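Read the structure below first, then the notes.
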Amino acid sequence: MSKPVVAVVGRPNVGKSTLFNALAGERISIVQDTPGVTRDRIYAEVSWLNKDFTLIDTGGIEPESKDIILSQMREQAQIAIDTADIIIFMTDVRQGLVDADSKVANMLRQSKKPVVLVVNKVDSFEKFMPDVYEFYNLGIGDPFPISSTSKLGLGEMLDEVVKYFPGEEDGEEEDGRPKVAIVGKPNVGKSSLINHLVGEERVIVSDIAGTTRDAIDTGISWQGREYVFIDTAGLRRKSKVKEELERFSIIRAVTAVERADVVVILIDATEGVTEQDAKIAGIAHERGKGIVIAVNKWDAIEKNDKTIYKHTDRIREVLSFMPYADILFISAKTGQRTRKLFDMVDVALENNSLRVATGVLNEIVSEAVAMQQPPSDKGKRLKIYYATQVSVKPPTFVIFVNDKKLMHFSYVRYLENRIRDAFGFQGTSLKFIIRERKEK
């Protein structure tokens with residue numbers, strides 16, 4: 001079952017990013033007193049009472065006038081409604097209840113999604129509680145008083161949020177078909193690719209960036225195997241700010257990647273690989289999914305005998321953290337090599353769930369250690385006792401050592417490469433956990 005997605009929505013300067021950072025446990029968003037400066041990381045993994053969820057900070061309102069604040073808040077709320085399972089609607093006790101809050105509350109109420117109403121900046125319950133009651137007027141349930149800065153009231157708020165998570169027994173019946181998410185920048189041809197694979201115009205395609213609404217699931221069958229393709233939605237209208245468009249396409253990518261087994265990162269051949277592609281690819285890599293890189297619009301490129309190498313080198317350079325992912329050059333328009341995608345998805349699926357026997361794994365690790373001595377520091381050398389694979393999706397290995405501090409990142413990378421040489425693991429990231437074990 002995929003993790004629930006919780007989105008934070010609210011006016012500028014009500015403290016969304018501060019809450020986000022308090023829950024994520026690190027300063028991920030940049031917080032300043034200028035409205036609209038939330039940048040960079042927009043999602044984080046959060047755990048409360050052993051329940052994991054993905055938190056999304058919608059941020060990104062640049063208030064030029066009341067009308068623009070309202071229209072952007074509505075767009076933000078719509079994104080949250082479309083992508084999140086639960087919405088945290090944040091207001092500010094010091095500014096009181098304002099018109100924009102009421103209008104967004106109406107949208108959220110009509111969405112039928114669970115909404116947790118939060119009143120922020122309540123640094124003293126005695127002093128501010130009478131002002132909190134005013135927020136009952138929004139008609140979306142009990143307001144939860146919190147202070148993001150002082151981390152007051154967060155426990156009660158999270159208790160309310162996790163109440164809405166599906167229980168083990170009422171989770172939807174697990175669909176056994178592999179799920180493949182197609183992610184990439186707006187207008188890279190995600191919908192065209194799915195239409196081509198299905199063989200009919202199932203998804204609306206147009207030249208306006210962001211014409212696909214909501215993630216659309218399409219069942220596709222190929223050589224007797226069933227797949228579910230997830231097309232990440234664009235925006236309902238062209239956003240005024242390029243940054244905002246990017247931000248929201250990344251939010252959509254996070255939610256699609258969360259549900260997928262394999263992620264196809266679609267890159268536009270006419271533009272080449274970009275920083276935003278790297279951000280989206282990074283999400284799939286971090287989540288340990290099976291990954292395929294597909295370069296679309298290959299028919300629109302003038303080629304010579306070096307073109308393919310030039311593009312490959314550039315992709316490997318920008319996406320250097322995923323050398324394990326295969327690259328496929330396709331055209332959704334002409335159908336060139338699109339069927340090859342199924343073979344690559346199958347390889348990534350298989351390797352993402354591959355298990356290695358402990359005995360064989362330790363032979364490979366011992367051999368690697370014999371070929372390249374582990375690092376040492378101040379006369380103390382790293383000893384590797386043994387390794388074992390503890391889970392799949394992604395394949396996760398625990399390595400027991402005498403001293404964690406001696407296990408340098410570069411040596412973990414070296415061991416990873418030896419394991420890949422032996423077992424392949426094409427199309428999937430590997431995760432390593434280093435544990436200390438005292439010598440007997």
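Just so we're on the same page: first chain in the structure tokens is A, next is B, and so on; residues restart at 1 for each chain, and ligands are numbered from 1 in the order they show up.
For segment 54-169 of chain A, a DSSP pass over the backbone yields strand (DSSP E or B) at Thr54, Leu55, Ile56, Asp57, Ile86, Ile87, Ile88, Phe89, Met90, Thr91, Asp92, Val115, Val116, Leu117, Val118, Val119, Asn120, Phe144, Pro145, Ser147 and Leu152 of chain A.
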- Message: If DSSP is run on the backbone, what residues of segment 49-192 of chain A are alpha helix (DSSP H)? A reply as number ranges by chain would be ideal.
- Response: A: 66-83, 99-111, 125-132, 154-163, 190-192
- Item | Distance query segment 284-301 of chain A at most 9 Å, only C-alpha atoms, self and fewer than 6 positions along chain excluded, as a PyMOL selection string | chain A and resi 188-190+193+253-254+257-258+260-270+272-273+307+321-322+324-334+336+341+344-345+347-352+393-395+426-431
Take the residues from that selection and write them out as a compact mmCIF listing (two decimals), in the first residue's frame, keeping C-alpha atoms.
# COMPACT_ATOMS: atom_id res chain seq x y z
CA VAL A 188 7.58 16.29 -22.40
CA GLY A 189 5.03 13.90 -23.93
CA LYS A 190 3.90 11.76 -20.98
CA LEU A 193 3.49 8.06 -24.76
CA ALA A 253 5.69 13.57 -9.42
CA VAL A 254 6.17 12.79 -5.70
CA VAL A 257 6.35 7.94 -7.62
CA GLU A 258 4.99 7.01 -4.18
CA ALA A 260 4.66 3.19 -8.48
CA ASP A 261 6.86 0.09 -8.64
CA VAL A 262 8.83 1.38 -11.63
CA VAL A 263 9.33 5.00 -12.65
CA VAL A 264 9.96 6.02 -16.26
CA ILE A 265 11.77 9.37 -16.28
CA LEU A 266 10.85 11.04 -19.53
CA ILE A 267 13.34 13.58 -20.89
CA ASP A 268 12.76 15.91 -23.84
CA ALA A 269 15.45 15.24 -26.49
CA THR A 270 14.98 18.70 -28.01
CA GLY A 272 18.24 17.86 -23.27
CA VAL A 273 18.39 16.80 -19.64
CA THR A 307 24.47 12.13 -31.36
CA PHE A 321 23.55 9.33 -8.91
CA MET A 322 21.76 6.66 -10.99
CA TYR A 324 22.26 1.76 -12.88
CA ALA A 325 19.29 3.08 -14.91
CA ASP A 326 18.99 2.06 -18.56
CA ILE A 327 18.51 4.79 -21.18
CA LEU A 328 16.10 4.34 -24.09
CA PHE A 329 15.69 6.77 -27.00
CA ILE A 330 12.05 6.84 -28.18
CA SER A 331 9.44 8.81 -30.06
CA ALA A 332 5.90 8.72 -28.68
CA LYS A 333 4.79 10.40 -31.89
CA THR A 334 6.11 7.79 -34.35
CA GLN A 336 9.91 4.35 -32.44
CA LEU A 341 10.00 0.10 -22.80
CA MET A 344 13.16 -2.47 -19.58
CA VAL A 345 10.31 -2.05 -17.10
CA VAL A 347 14.07 -5.89 -15.91
CA ALA A 348 13.74 -3.03 -13.39
CA LEU A 349 10.77 -4.76 -11.70
CA GLU A 350 12.64 -8.02 -11.39
CA ASN A 351 15.82 -6.46 -10.00
CA ASN A 352 13.95 -4.22 -7.57
CA LYS A 393 11.93 -2.82 -3.15
CA PRO A 394 14.66 -1.55 -3.02
CA PRO A 395 17.13 -4.37 -2.24
CA GLN A 426 20.12 -3.18 -13.39
CA GLY A 427 17.42 -0.52 -13.09
CA THR A 428 17.21 -0.29 -9.30
CA SER A 429 18.98 1.59 -6.53
CA LEU A 430 20.44 -0.37 -3.60
CA LYS A 431 20.26 0.67 0.04
- Message: Could you list, as an MDAnalysis selection string, every residue within 6 Å of segment 215-227 of chain A, counting only C-alpha atoms and ignoring same-chain residues fewer than 3 positions away?
- Response: chainID A and resid 177:178 230:233
Could the residues in this selection be saved with N, CA, C and O atoms as a PDB file, in the first residue's frame?
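Listing of again_19.pdb after writing:
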ATOM      1  N   ARG A 177      -1.116  -5.917 -10.282  1.00  0.00           N
ATOM      2  CA  ARG A 177      -0.441  -5.501 -11.520  1.00  0.00           C
ATOM      3  C   ARG A 177       0.681  -4.515 -11.208  1.00  0.00           C
ATOM      4  O   ARG A 177       0.513  -3.642 -10.357  1.00  0.00           O
ATOM      5  N   PRO A 178       1.839  -4.642 -11.895  1.00  0.00           N
ATOM      6  CA  PRO A 178       2.918  -3.670 -11.646  1.00  0.00           C
ATOM      7  C   PRO A 178       2.475  -2.259 -12.044  1.00  0.00           C
ATOM      8  O   PRO A 178       1.816  -2.077 -13.074  1.00  0.00           O
ATOM      9  N   ILE A 230       0.703   5.123 -14.748  1.00  0.00           N
ATOM     10  CA  ILE A 230       0.218   6.316 -14.048  1.00  0.00           C
ATOM     11  C   ILE A 230       0.785   7.525 -14.774  1.00  0.00           C
ATOM     12  O   ILE A 230       2.005   7.672 -14.892  1.00  0.00           O
ATOM     13  N   ASP A 231      -0.102   8.370 -15.279  1.00  0.00           N
ATOM     14  CA  ASP A 231       0.355   9.599 -15.936  1.00  0.00           C
ATOM     15  C   ASP A 231       0.255  10.723 -14.924  1.00  0.00           C
ATOM     16  O   ASP A 231      -0.812  10.975 -14.379  1.00  0.00           O
ATOM     17  N   THR A 232       1.370  11.401 -14.645  1.00  0.00           N
ATOM     18  CA  THR A 232       1.298  12.487 -13.663  1.00  0.00           C
ATOM     19  C   THR A 232       0.650  13.692 -14.301  1.00  0.00           C
ATOM     20  O   THR A 232       0.981  14.070 -15.421  1.00  0.00           O
ATOM     21  N   ALA A 233      -0.228  14.306 -13.538  1.00  0.00           N
ATOM     22  CA  ALA A 233      -0.998  15.407 -14.085  1.00  0.00           C
ATOM     23  C   ALA A 233      -0.166  16.667 -14.181  1.00  0.00           C
ATOM     24  O   ALA A 233       0.777  16.869 -13.431  1.00  0.00           O
TER      25      ALA A 233
END
Give me the residues within 7 Å of segment 82-85 of chain A as a PDB file with N, CA and C atoms, in the first residue's frame, counting only C-alpha atoms and dropping any in the same chain fewer than 3 places off.
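Result written to around.pdb:
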ATOM      1  N   PRO A   4       0.217   7.414   2.700  1.00  0.00           N
ATOM      2  CA  PRO A   4      -0.704   8.540   2.545  1.00  0.00           C
ATOM      3  C   PRO A   4       0.076   9.832   2.287  1.00  0.00           C
ATOM      4  N   VAL A   5      -0.569  10.752   1.562  1.00  0.00           N
ATOM      5  CA  VAL A   5       0.058  12.038   1.253  1.00  0.00           C
ATOM      6  C   VAL A   5      -0.732  13.122   1.977  1.00  0.00           C
ATOM      7  N   VAL A   6      -0.006  13.946   2.755  1.00  0.00           N
ATOM      8  CA  VAL A   6      -0.639  15.012   3.530  1.00  0.00           C
ATOM      9  C   VAL A   6      -0.112  16.341   2.996  1.00  0.00           C
ATOM     10  N   ALA A   7      -1.017  17.257   2.617  1.00  0.00           N
ATOM     11  CA  ALA A   7      -0.573  18.548   2.070  1.00  0.00           C
ATOM     12  C   ALA A   7      -0.932  19.674   3.023  1.00  0.00           C
ATOM     13  N   GLN A  78      -6.423  23.522  -4.831  1.00  0.00           N
ATOM     14  CA  GLN A  78      -6.871  22.549  -5.831  1.00  0.00           C
ATOM     15  C   GLN A  78      -5.813  21.465  -6.021  1.00  0.00           C
ATOM     16  N   ILE A  79      -4.538  21.888  -6.061  1.00  0.00           N
ATOM     17  CA  ILE A  79      -3.443  20.922  -6.178  1.00  0.00           C
ATOM     18  C   ILE A  79      -3.496  19.951  -5.001  1.00  0.00           C
ATOM     19  N   LYS A 113     -12.552  15.732   0.957  1.00  0.00           N
ATOM     20  CA  LYS A 113     -11.315  15.140   1.486  1.00  0.00           C
ATOM     21  C   LYS A 113     -11.247  15.495   2.969  1.00  0.00           C
ATOM     22  N   ASP A 214      -5.051  15.755 -12.817  1.00  0.00           N
ATOM     23  CA  ASP A 214      -5.016  14.595 -11.914  1.00  0.00           C
ATOM     24  C   ASP A 214      -4.236  13.429 -12.521  1.00  0.00           C
ATOM     25  N   ARG A 252       3.305  16.688  -8.003  1.00  0.00           N
ATOM     26  CA  ARG A 252       2.571  15.613  -8.684  1.00  0.00           C
ATOM     27  C   ARG A 252       3.476  14.401  -8.885  1.00  0.00           C
ATOM     28  N   THR A 255       3.783  12.283  -5.674  1.00  0.00           N
ATOM     29  CA  THR A 255       2.638  11.423  -5.365  1.00  0.00           C
ATOM     30  C   THR A 255       2.559  10.233  -6.322  1.00  0.00           C
TER      31      THR A 255
END
- Item | atom CA of Ala368 of chain A to atom CA of Arg418 of chain A, straight-line distance in Å | 6.6 Å
